[in-house]
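Shown next: final_36.tsv, given as TSV, C-alpha atoms.
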chain	number	residue	atom	x	y	z
A	1	MET	CA	-2.47	-20.89	1.30
A	2	THR	CA	-2.49	-17.10	1.15
A	3	ILE	CA	0.23	-14.58	0.36
A	4	ALA	CA	1.20	-11.53	2.35
A	5	MET	CA	3.29	-9.08	0.31
A	6	VAL	CA	5.59	-6.73	2.23
A	7	PHE	CA	7.49	-3.72	0.91
A	8	PRO	CA	10.81	-2.43	2.30
A	9	GLY	CA	11.58	1.17	3.18
A	10	GLN	CA	14.60	3.35	3.69
A	11	GLY	CA	17.73	1.35	4.43
A	12	SER	CA	17.24	-1.38	1.81
A	13	GLN	CA	18.61	0.73	-1.05
A	14	SER	CA	21.94	-0.02	-2.71
A	15	GLN	CA	23.85	1.25	-5.69
A	16	GLY	CA	23.09	-0.90	-8.75
A	17	MET	CA	19.88	-2.35	-7.31
A	18	GLN	CA	17.49	-4.05	-9.75
A	19	ALA	CA	19.99	-4.11	-12.63
A	20	ASP	CA	19.40	-7.79	-13.36
A	21	LEU	CA	15.62	-7.39	-13.21
A	22	ALA	CA	15.87	-4.48	-15.64
A	23	ALA	CA	17.85	-6.65	-18.05
A	24	ASP	CA	15.00	-9.17	-18.24
A	25	PHE	CA	11.88	-7.07	-17.68
A	26	THR	CA	10.97	-3.86	-19.53
A	27	GLU	CA	8.56	-2.97	-16.73
A	28	VAL	CA	11.52	-1.82	-14.61
A	29	ALA	CA	12.63	0.74	-17.19
A	30	ASP	CA	9.04	1.91	-17.63
A	31	VAL	CA	8.57	2.58	-13.91
A	32	TYR	CA	11.90	4.38	-13.54
A	33	ALA	CA	11.16	6.49	-16.63
A	34	GLU	CA	7.85	7.62	-15.12
A	35	ALA	CA	9.60	8.40	-11.84
A	36	SER	CA	12.35	10.35	-13.61
A	37	ASP	CA	9.78	12.52	-15.36
A	38	ILE	CA	8.19	13.37	-12.00
A	39	MET	CA	11.45	13.88	-10.11
A	40	GLY	CA	13.11	15.92	-12.85
A	41	TYR	CA	16.29	13.86	-13.03
A	42	ASP	CA	17.34	10.42	-14.30
A	43	LEU	CA	16.59	8.28	-11.26
A	44	TRP	CA	17.77	5.07	-12.92
A	45	GLN	CA	21.19	6.48	-13.71
A	46	LEU	CA	21.53	7.83	-10.18
A	47	VAL	CA	20.58	4.47	-8.65
A	48	GLN	CA	22.93	2.54	-10.90
A	49	ASN	CA	25.97	4.83	-10.68
A	50	ASP	CA	25.52	7.26	-7.74
A	51	PRO	CA	28.98	8.89	-8.01
A	52	ASP	CA	28.16	11.45	-5.31
A	53	LYS	CA	26.51	9.01	-2.86
A	54	ARG	CA	23.20	10.83	-3.20
A	55	LEU	CA	21.28	7.59	-2.80
A	56	GLU	CA	21.94	7.79	0.95
A	57	GLU	CA	20.15	11.16	1.21
A	58	THR	CA	16.58	10.91	2.48
A	59	VAL	CA	15.29	13.13	-0.32
A	60	VAL	CA	16.63	10.62	-2.86
A	61	THR	CA	16.25	7.37	-0.91
A	62	GLN	CA	12.53	7.61	-0.31
A	63	PRO	CA	11.48	8.24	-3.94
A	64	ALA	CA	14.00	5.61	-5.08
A	65	MET	CA	12.63	2.95	-2.74
A	66	LEU	CA	9.02	3.65	-3.72
A	67	THR	CA	10.02	3.36	-7.37
A	68	ALA	CA	12.01	0.18	-6.79
A	69	GLY	CA	9.21	-1.50	-4.86
A	70	TYR	CA	6.64	-0.63	-7.49
A	71	ALA	CA	8.97	-1.85	-10.27
A	72	ALA	CA	9.35	-5.19	-8.48
A	73	TRP	CA	5.57	-5.41	-8.17
A	74	ARG	CA	5.14	-4.78	-11.91
A	75	VAL	CA	7.64	-7.56	-12.60
A	76	TRP	CA	5.71	-9.87	-10.27
A	77	GLU	CA	2.48	-9.08	-12.10
A	78	SER	CA	3.99	-9.56	-15.56
A	79	SER	CA	5.40	-12.93	-14.46
A	80	GLY	CA	1.94	-14.17	-13.46
A	81	GLY	CA	2.54	-13.93	-9.73
A	82	ALA	CA	-0.46	-14.64	-7.54
A	83	VAL	CA	-2.43	-11.69	-6.18
A	84	PRO	CA	-1.66	-11.36	-2.47
A	85	ASP	CA	-4.45	-11.36	0.09
A	86	GLN	CA	-2.69	-8.82	2.31
A	87	MET	CA	0.01	-6.18	2.00
A	88	ALA	CA	2.09	-4.09	4.38
A	89	GLY	CA	5.07	-1.80	4.13
A	90	HIS	CA	7.82	-0.87	6.54
A	91	SER	CA	7.68	2.92	6.97
A	92	LEU	CA	8.07	4.38	3.45
A	93	GLY	CA	7.08	0.94	2.13
A	94	GLU	CA	3.47	1.63	3.12
A	95	TYR	CA	3.22	4.00	0.16
A	96	THR	CA	4.38	1.22	-2.15
A	97	ALA	CA	1.81	-1.16	-0.67
A	98	LEU	CA	-0.97	1.38	-1.18
A	99	VAL	CA	0.07	1.95	-4.81
A	100	CYS	CA	0.16	-1.77	-5.54
A	101	ALA	CA	-3.20	-2.28	-3.80
A	102	GLY	CA	-4.80	0.33	-6.06
A	103	ALA	CA	-5.40	2.92	-3.34
A	104	VAL	CA	-3.37	5.67	-5.05
A	105	SER	CA	-1.59	6.14	-8.37
A	106	PHE	CA	2.18	5.78	-8.54
A	107	ALA	CA	2.46	9.40	-9.74
A	108	ASP	CA	0.43	10.78	-6.82
A	109	ALA	CA	2.29	8.63	-4.29
A	110	LEU	CA	5.68	9.68	-5.64
A	111	THR	CA	4.70	13.34	-5.46
A	112	VAL	CA	3.67	12.92	-1.83
A	113	VAL	CA	6.79	10.91	-0.99
A	114	ARG	CA	9.03	13.56	-2.52
A	115	ARG	CA	7.41	16.13	-0.23
A	116	ARG	CA	7.55	13.73	2.72
A	117	SER	CA	11.29	13.28	2.28
A	118	GLU	CA	11.85	17.03	2.04
A	119	LEU	CA	9.85	17.74	5.19
A	120	MET	CA	11.63	15.01	7.14
A	121	GLN	CA	15.05	16.20	5.97
A	122	GLN	CA	14.23	19.78	7.00
A	123	ALA	CA	12.69	18.87	10.38
A	124	VAL	CA	16.00	18.57	12.25
A	125	PRO	CA	19.27	20.45	11.54
A	126	ALA	CA	21.97	18.34	9.90
A	127	GLY	CA	23.81	16.37	12.56
A	128	GLY	CA	21.22	17.19	15.21
A	129	GLY	CA	19.37	13.88	15.05
A	130	ALA	CA	20.30	10.23	14.85
A	131	MET	CA	18.98	6.67	14.76
A	132	ALA	CA	20.52	3.61	16.38
A	133	ALA	CA	19.81	-0.12	16.38
A	134	ILE	CA	19.72	-1.91	19.73
A	135	LEU	CA	20.06	-5.70	19.62
A	136	GLY	CA	19.66	-8.15	22.45
A	137	LEU	CA	17.38	-6.27	24.85
A	138	ASP	CA	13.64	-6.73	25.25
A	139	ASP	CA	11.22	-3.91	24.47
A	140	ASP	CA	10.64	-2.89	28.09
A	141	ALA	CA	14.37	-2.63	28.74
A	142	ILE	CA	14.83	-0.39	25.70
A	143	LEU	CA	11.92	1.84	26.73
A	144	ALA	CA	13.55	2.21	30.15
A	145	VAL	CA	16.89	3.07	28.53
A	146	CYS	CA	15.20	5.75	26.40
A	147	ALA	CA	13.52	7.28	29.45
A	148	GLN	CA	16.79	7.40	31.36
A	149	ALA	CA	18.81	8.75	28.45
A	150	ALA	CA	16.43	11.56	27.50
A	151	GLN	CA	17.47	14.14	30.10
A	152	GLY	CA	15.14	16.72	28.59
A	153	GLU	CA	15.87	15.71	25.00
A	154	VAL	CA	14.09	13.31	22.65
A	155	VAL	CA	14.97	9.65	22.37
A	156	ASP	CA	12.16	7.32	21.26
A	157	ALA	CA	11.84	3.66	20.40
A	158	VAL	CA	10.66	3.95	16.81
A	159	ASN	CA	10.99	0.59	15.01
A	160	PHE	CA	9.93	-2.59	16.79
A	161	ASN	CA	11.44	-4.73	14.05
A	162	ALA	CA	11.81	-8.15	15.66
A	163	PRO	CA	12.16	-9.69	19.11
A	164	GLY	CA	15.37	-8.25	20.51
A	165	GLN	CA	15.81	-5.81	17.64
A	166	VAL	CA	14.55	-2.25	18.15
A	167	VAL	CA	15.61	1.02	16.52
A	168	ILE	CA	15.66	4.24	18.53
A	169	ALA	CA	15.71	7.82	17.21
A	170	GLY	CA	15.92	11.36	18.49
A	171	ASP	CA	18.42	14.04	19.41
A	172	LYS	CA	22.00	12.97	18.68
A	173	ASP	CA	23.33	13.48	22.20
A	174	ALA	CA	20.42	11.58	23.72
A	175	ILE	CA	20.94	8.72	21.27
A	176	ASP	CA	24.62	8.57	22.26
A	177	ARG	CA	23.62	8.33	25.93
A	178	ALA	CA	21.08	5.62	25.13
A	179	ILE	CA	23.70	3.57	23.29
A	180	GLU	CA	26.00	3.62	26.30
A	181	LEU	CA	23.17	2.73	28.68
A	182	ALA	CA	22.03	-0.10	26.41
A	183	ARG	CA	25.52	-1.55	26.39
A	184	GLU	CA	25.63	-1.32	30.19
A	185	GLN	CA	22.30	-3.18	30.31
A	186	GLY	CA	23.78	-6.04	28.27
A	187	ALA	CA	22.77	-5.21	24.72
A	188	ARG	CA	24.52	-7.49	22.23
A	189	ARG	CA	24.99	-4.56	19.85
A	190	ALA	CA	24.12	-0.87	19.93
A	191	LEU	CA	25.19	1.15	16.91
A	192	ILE	CA	24.40	4.35	15.04
A	193	LEU	CA	22.63	3.84	11.71
A	194	PRO	CA	23.63	5.67	8.51
A	195	VAL	CA	20.34	7.58	8.28
A	196	SER	CA	20.16	11.35	7.91
A	197	VAL	CA	16.91	11.94	9.85
A	198	PRO	CA	15.48	10.61	13.16
A	199	ALA	CA	12.49	9.03	11.42
A	200	HIS	CA	9.34	8.13	13.37
A	201	SER	CA	10.46	10.01	16.47
A	202	SER	CA	8.47	12.85	18.00
A	203	LEU	CA	10.96	15.24	16.37
A	204	MET	CA	9.10	14.46	13.13
A	205	ARG	CA	5.67	15.59	14.36
A	206	ALA	CA	5.82	18.95	12.56
A	207	ALA	CA	6.86	17.19	9.34
A	208	GLY	CA	3.94	14.78	9.58
A	209	GLU	CA	1.48	17.55	10.20
A	210	ALA	CA	2.86	19.62	7.31
A	211	LEU	CA	2.51	16.59	5.02
A	212	GLN	CA	-1.28	16.79	5.38
A	213	GLU	CA	-1.41	19.41	2.62
A	214	SER	CA	0.19	17.11	0.04
A	215	LEU	CA	-1.87	14.15	1.23
A	216	GLY	CA	-4.99	16.23	0.76
A	217	VAL	CA	-4.15	16.89	-2.89
A	218	ALA	CA	-3.39	13.26	-3.77
A	219	LYS	CA	-6.31	11.10	-4.83
A	220	PHE	CA	-6.78	8.13	-2.49
A	221	GLU	CA	-9.44	5.44	-2.38
A	222	ALA	CA	-10.06	2.28	-0.39
A	223	PRO	CA	-7.42	-0.37	-1.26
A	224	GLY	CA	-8.47	-3.25	-3.48
A	225	ILE	CA	-6.24	-5.52	-1.37
A	226	THR	CA	-6.08	-5.38	2.42
A	227	VAL	CA	-3.16	-3.14	3.47
A	228	MET	CA	-2.03	-3.22	7.09
A	229	ALA	CA	-0.88	0.07	8.59
A	230	ALA	CA	2.33	-0.74	10.42
A	231	SER	CA	1.85	2.01	12.99
A	232	THR	CA	-1.27	0.24	14.31
A	233	ALA	CA	-1.11	-3.28	12.82
A	234	THR	CA	-4.67	-2.80	11.55
A	235	PRO	CA	-5.99	-2.43	7.98
A	236	TYR	CA	-6.36	0.89	6.23
A	237	ALA	CA	-9.99	1.75	5.52
A	238	ASP	CA	-11.10	4.62	3.30
A	239	ALA	CA	-9.32	7.60	1.74
A	240	GLN	CA	-9.61	9.81	4.80
A	241	ASP	CA	-8.26	7.09	7.07
A	242	ILE	CA	-5.29	6.64	4.73
A	243	ARG	CA	-4.51	10.37	4.75
A	244	GLU	CA	-4.74	10.62	8.53
A	245	ARG	CA	-2.58	7.59	9.22
A	246	LEU	CA	0.07	8.48	6.62
A	247	SER	CA	0.39	11.86	8.31
A	248	ARG	CA	0.80	10.29	11.76
A	249	GLN	CA	3.13	7.51	10.65
A	250	VAL	CA	5.89	10.06	10.03
A	251	TYR	CA	6.22	10.45	13.81
A	252	ALA	CA	4.67	7.18	15.05
A	253	PRO	CA	6.65	4.00	15.81
A	254	VAL	CA	6.69	1.16	13.28
A	255	GLN	CA	5.06	-1.83	14.98
A	256	TRP	CA	6.48	-4.40	12.59
A	257	VAL	CA	6.33	-7.40	14.93
A	258	ASN	CA	2.66	-6.75	15.65
A	259	THR	CA	1.96	-6.18	11.95
A	260	ILE	CA	3.45	-9.54	10.94
A	261	HIS	CA	1.55	-11.30	13.72
A	262	ALA	CA	-1.67	-9.61	12.58
A	263	MET	CA	-1.11	-10.77	9.00
A	264	THR	CA	-0.43	-14.38	9.96
A	265	ALA	CA	-3.41	-14.33	12.35
A	266	ALA	CA	-5.54	-13.17	9.41
A	267	GLY	CA	-4.47	-16.20	7.39
A	268	ALA	CA	-1.15	-15.40	5.69
A	269	THR	CA	0.78	-18.62	5.16
A	270	SER	CA	3.67	-17.16	3.15
A	271	VAL	CA	5.36	-13.78	2.96
A	272	ILE	CA	7.01	-12.24	-0.11
A	273	GLU	CA	9.26	-9.20	0.18
A	274	CYS	CA	8.78	-7.04	-2.90
A	275	GLY	CA	11.73	-4.74	-3.54
A	276	PRO	CA	15.49	-4.41	-3.11
A	277	GLY	CA	17.42	-6.20	-0.40
A	278	LYS	CA	16.18	-8.80	2.05
A	279	VAL	CA	15.84	-6.85	5.30
A	280	LEU	CA	12.20	-7.76	5.87
A	281	ALA	CA	12.83	-11.43	5.08
A	282	GLY	CA	15.54	-11.41	7.73
A	283	LEU	CA	13.15	-9.87	10.25
A	284	MET	CA	10.51	-12.43	9.28
A	285	ARG	CA	12.81	-15.28	10.23
A	286	ARG	CA	13.22	-13.71	13.69
A	287	ILE	CA	9.50	-13.04	14.14
A	288	ASP	CA	8.04	-16.27	12.72
A	289	LYS	CA	10.37	-19.05	11.60
A	290	THR	CA	7.48	-21.25	10.43
A	291	THR	CA	6.17	-19.00	7.65
A	292	PRO	CA	7.94	-19.36	4.26
A	293	CYS	CA	9.45	-16.15	2.90
A	294	ALA	CA	10.97	-15.11	-0.43
A	295	CYS	CA	12.32	-11.86	-1.91
A	296	ILE	CA	11.69	-10.29	-5.32
A	297	ASN	CA	15.12	-8.64	-5.25
A	298	SER	CA	16.65	-10.35	-8.29
A	299	VAL	CA	15.71	-12.69	-11.13
A	300	ASP	CA	16.63	-15.70	-8.99
A	301	GLY	CA	14.63	-14.26	-6.10
A	302	LEU	CA	11.64	-13.77	-8.36
A	303	GLN	CA	11.75	-17.40	-9.49
A	304	ALA	CA	11.93	-18.57	-5.87
A	305	ALA	CA	8.98	-16.36	-4.96
A	306	LEU	CA	6.91	-17.71	-7.86
A	307	GLN	CA	7.39	-21.22	-6.47
A	308	ILE	CA	5.81	-20.33	-3.14
A	309	GLU	CA	2.32	-20.04	-4.60
A	310	PRO	CA	0.75	-21.37	-7.80
A	311	ILE	CA	1.18	-19.00	-10.73
A	312	VAL	CA	-1.98	-17.15	-11.68
A	313	GLN	CA	-2.26	-16.67	-15.42
A	314	ARG	CA	-3.41	-13.22	-16.55
Transcribe the structure of this file into structure tokens.
Amino acid sequence: MTIAMVFPGQGSQSQGMQADLAADFTEVADVYAEASDIMGYDLWQLVQNDPDKRLEETVVTQPAMLTAGYAAWRVWESSGGAVPDQMAGHSLGEYTALVCAGAVSFADALTVVRRRSELMQQAVPAGGGAMAAILGLDDDAILAVCAQAAQGEVVDAVNFNAPGQVVIAGDKDAIDRAIELAREQGARRALILPVSVPAHSSLMRAAGEALQESLGVAKFEAPGITVMAASTATPYADAQDIRERLSRQVYAPVQWVNTIHAMTAAGATSVIECGPGKVLAGLMRRIDKTTPCACINSVDGLQAALQIEPIVQR
């Protein structure tokens, strides 16, 4: 049996996340303290209290989710969790996977992610872009809806999350048209998502290209654990490959279904979601019901995950 470890991205955050893990594991406080020093504010207090709802802002969400995923990984390690054979991350989660696989330091990754979030937030005027989830249509039908709804604007299929579950992103008016068309085509649900940027759409190309400067400064190396790039469902190779693909993934679709299939084809017999929430575990059940899945999103979740594979003593 082999483990695939997957890391969630933007959308899995919640106020108060990881409080119970922090109560039992000092590694959580250590990771958040390092992140707070880099970010210049108390990230733990913001995540736990968030009186101004800043956690929903891209410039806060992305650093917070990287920090949370890495903290969960440190807890997994300290608990004697088995070393996974493969890793992958959904969008922002790829940075977490690369940190945990030893391809980049947490400090370097967080610095890049902070810049990534700023560039993505600045790429489209506030209110000018949107993302929407379309449920109950196949991929070809959604691509046809996007083409019909565009009318000279941008509307792209950007997250192929599970069979019958695709996220679209682009100009707000075009997204509104696509929602109506999807409903006319028989979509079970079509709804706007509470995300402040049209991530992974072609509107993000300039942001991805501008990110190359920060990626060039960060020190990358080949991962010590296989990390699948979700934009291509193939493994990252060397440092230059990582930099190039992290630049492109800002404006490239997330091929999550293909990524999961690639991991199981390569031998993964169980999947563990490492970080807050259980979004990826839910997608896993839609993609492959036969592969066991657990979530390191709480103390109870950690214990369930540790039961999937034999504990490796360190």
Polymer residues at most 9 Å from Gly267 in chain A, all atoms listed in the file, same-chain spacing of 3 or more positions, as a PDB file with C-alpha atoms, in the coordinates of the input:
ATOM      1  CA  MET A   1      -2.470 -20.890   1.300  1.00  0.00           C
ATOM      2  CA  THR A   2      -2.490 -17.100   1.150  1.00  0.00           C
ATOM      3  CA  ILE A   3       0.230 -14.580   0.360  1.00  0.00           C
ATOM      4  CA  ALA A   4       1.200 -11.530   2.350  1.00  0.00           C
ATOM      5  CA  ASP A  85      -4.450 -11.360   0.090  1.00  0.00           C
ATOM      6  CA  ALA A 262      -1.670  -9.610  12.580  1.00  0.00           C
ATOM      7  CA  MET A 263      -1.110 -10.770   9.000  1.00  0.00           C
ATOM      8  CA  THR A 264      -0.430 -14.380   9.960  1.00  0.00           C
TER       9      THR A 264
END
Protein, DNA and RNA residues within 8 Å of (5.3, -7.2, 11.4), all atoms listed in the file, as a PyMOL selection string: chain A and resi 161-162+230+233+255-263+284+287
Between range 130-201 of chain A and range 52-67 of chain A, at 8 Å or less, what are the per-residue closest atom pairs and their distances in Å? Count all atoms listed in the file, order by chain and rising residue number, and return it as CSV.
residue,atom,partner,partner_atom,distance
A:Val195,CA,A:Glu56,CA,7.5
A:Ser196,CA,A:Thr58,CA,6.5
A:Val197,CA,A:Thr58,CA,7.4
Atoms to include: C-alpha atoms. Write the selected residues as a tab-separated table (two decimals), keeping the file's coordinate frame.
chain	number	residue	atom	x	y	z
A	195	VAL	CA	20.34	7.58	8.28
A	196	SER	CA	20.16	11.35	7.91
A	197	VAL	CA	16.91	11.94	9.85
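The coordinates place CA of Asp50 in chain A at 27.8 Å from CA of Asn159 in chain A.
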Counting all atoms listed in the file, the residue of A:Ala150, A:Ala71, A:Met87, A:Leu203 that sits nearest Arg177 in chain A: A:Ala150
Contact residues around range 298-309 of chain A with only C-alpha atoms at 8 Å, ignoring same-chain residues under 6 positions, as a list in words: Met1, Ile3, Gln18, Asp20, Leu21, Asp24, Trp76, Gly81, Ala82, Ser270, Ile272, Pro276 and Pro292 of chain A
Residue contacts of Gly128 in chain A (10 Å, all atoms listed in the file) excluding same-chain residues fewer than 2 positions away, as a ChimeraX atom specification: /A:123-126,130,170-173,196-198
Kindly give the distance, in Å, that separates CA of Asp288 in chain A and CA of Trp73 in chain A, rounded to a single decimal.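 Computing the Euclidean distance for CA of Asp288 in chain A and CA of Trp73 in chain A yields 23.7 Å.
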Using all atoms listed in the file, what residues lie at most 6 Å away from (24.1, 4.2, 17.4) (file coordinates), given as a list in words?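 Counting all atoms listed in the file, I find these residues within 6 Å of (24.1, 4.2, 17.4): Ala132, Ile179, Ala190, Leu191, Ile192 and Leu193 of chain A.
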Nearest to Ser202 in chain A, chosen from A:Ala218, A:Met120, A:Ile142, A:Ala133, with all atoms listed in the file counted in the distances: A:Met120
Grab the CA of Ile175 in chain A to CA of Ala147 in chain A distance for me, in Å with one decimal place.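 Answer for the CA of Ile175 in chain A to CA of Ala147 in chain A separation: 11.1 Å.
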Restricting the calculation to all atoms listed in the file, which member of A:Leu110, A:Leu92, A:Ala103, A:Val83 is positioned closest to Tyr236 in chain A?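 With all atoms listed in the file as the atom set, the closest residue is A:Ala103.
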Given the choices A:Gly102, A:Pro253, A:Gly282, A:Gly275, which gets closest to Ala222 in chain A if the distance is worked out from only C-alpha atoms?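 Nearest to Ala222 in chain A: A:Gly102.
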Edge lengths and centre in Å, axis-aligned, range 247-254 of chain A plus 5 Å each side, as AutoDock Vina command-line options:
--center_x 3.5 --center_y 6.5 --center_z 12.1 --size_x 16.3 --size_y 20.7 --size_z 17.5
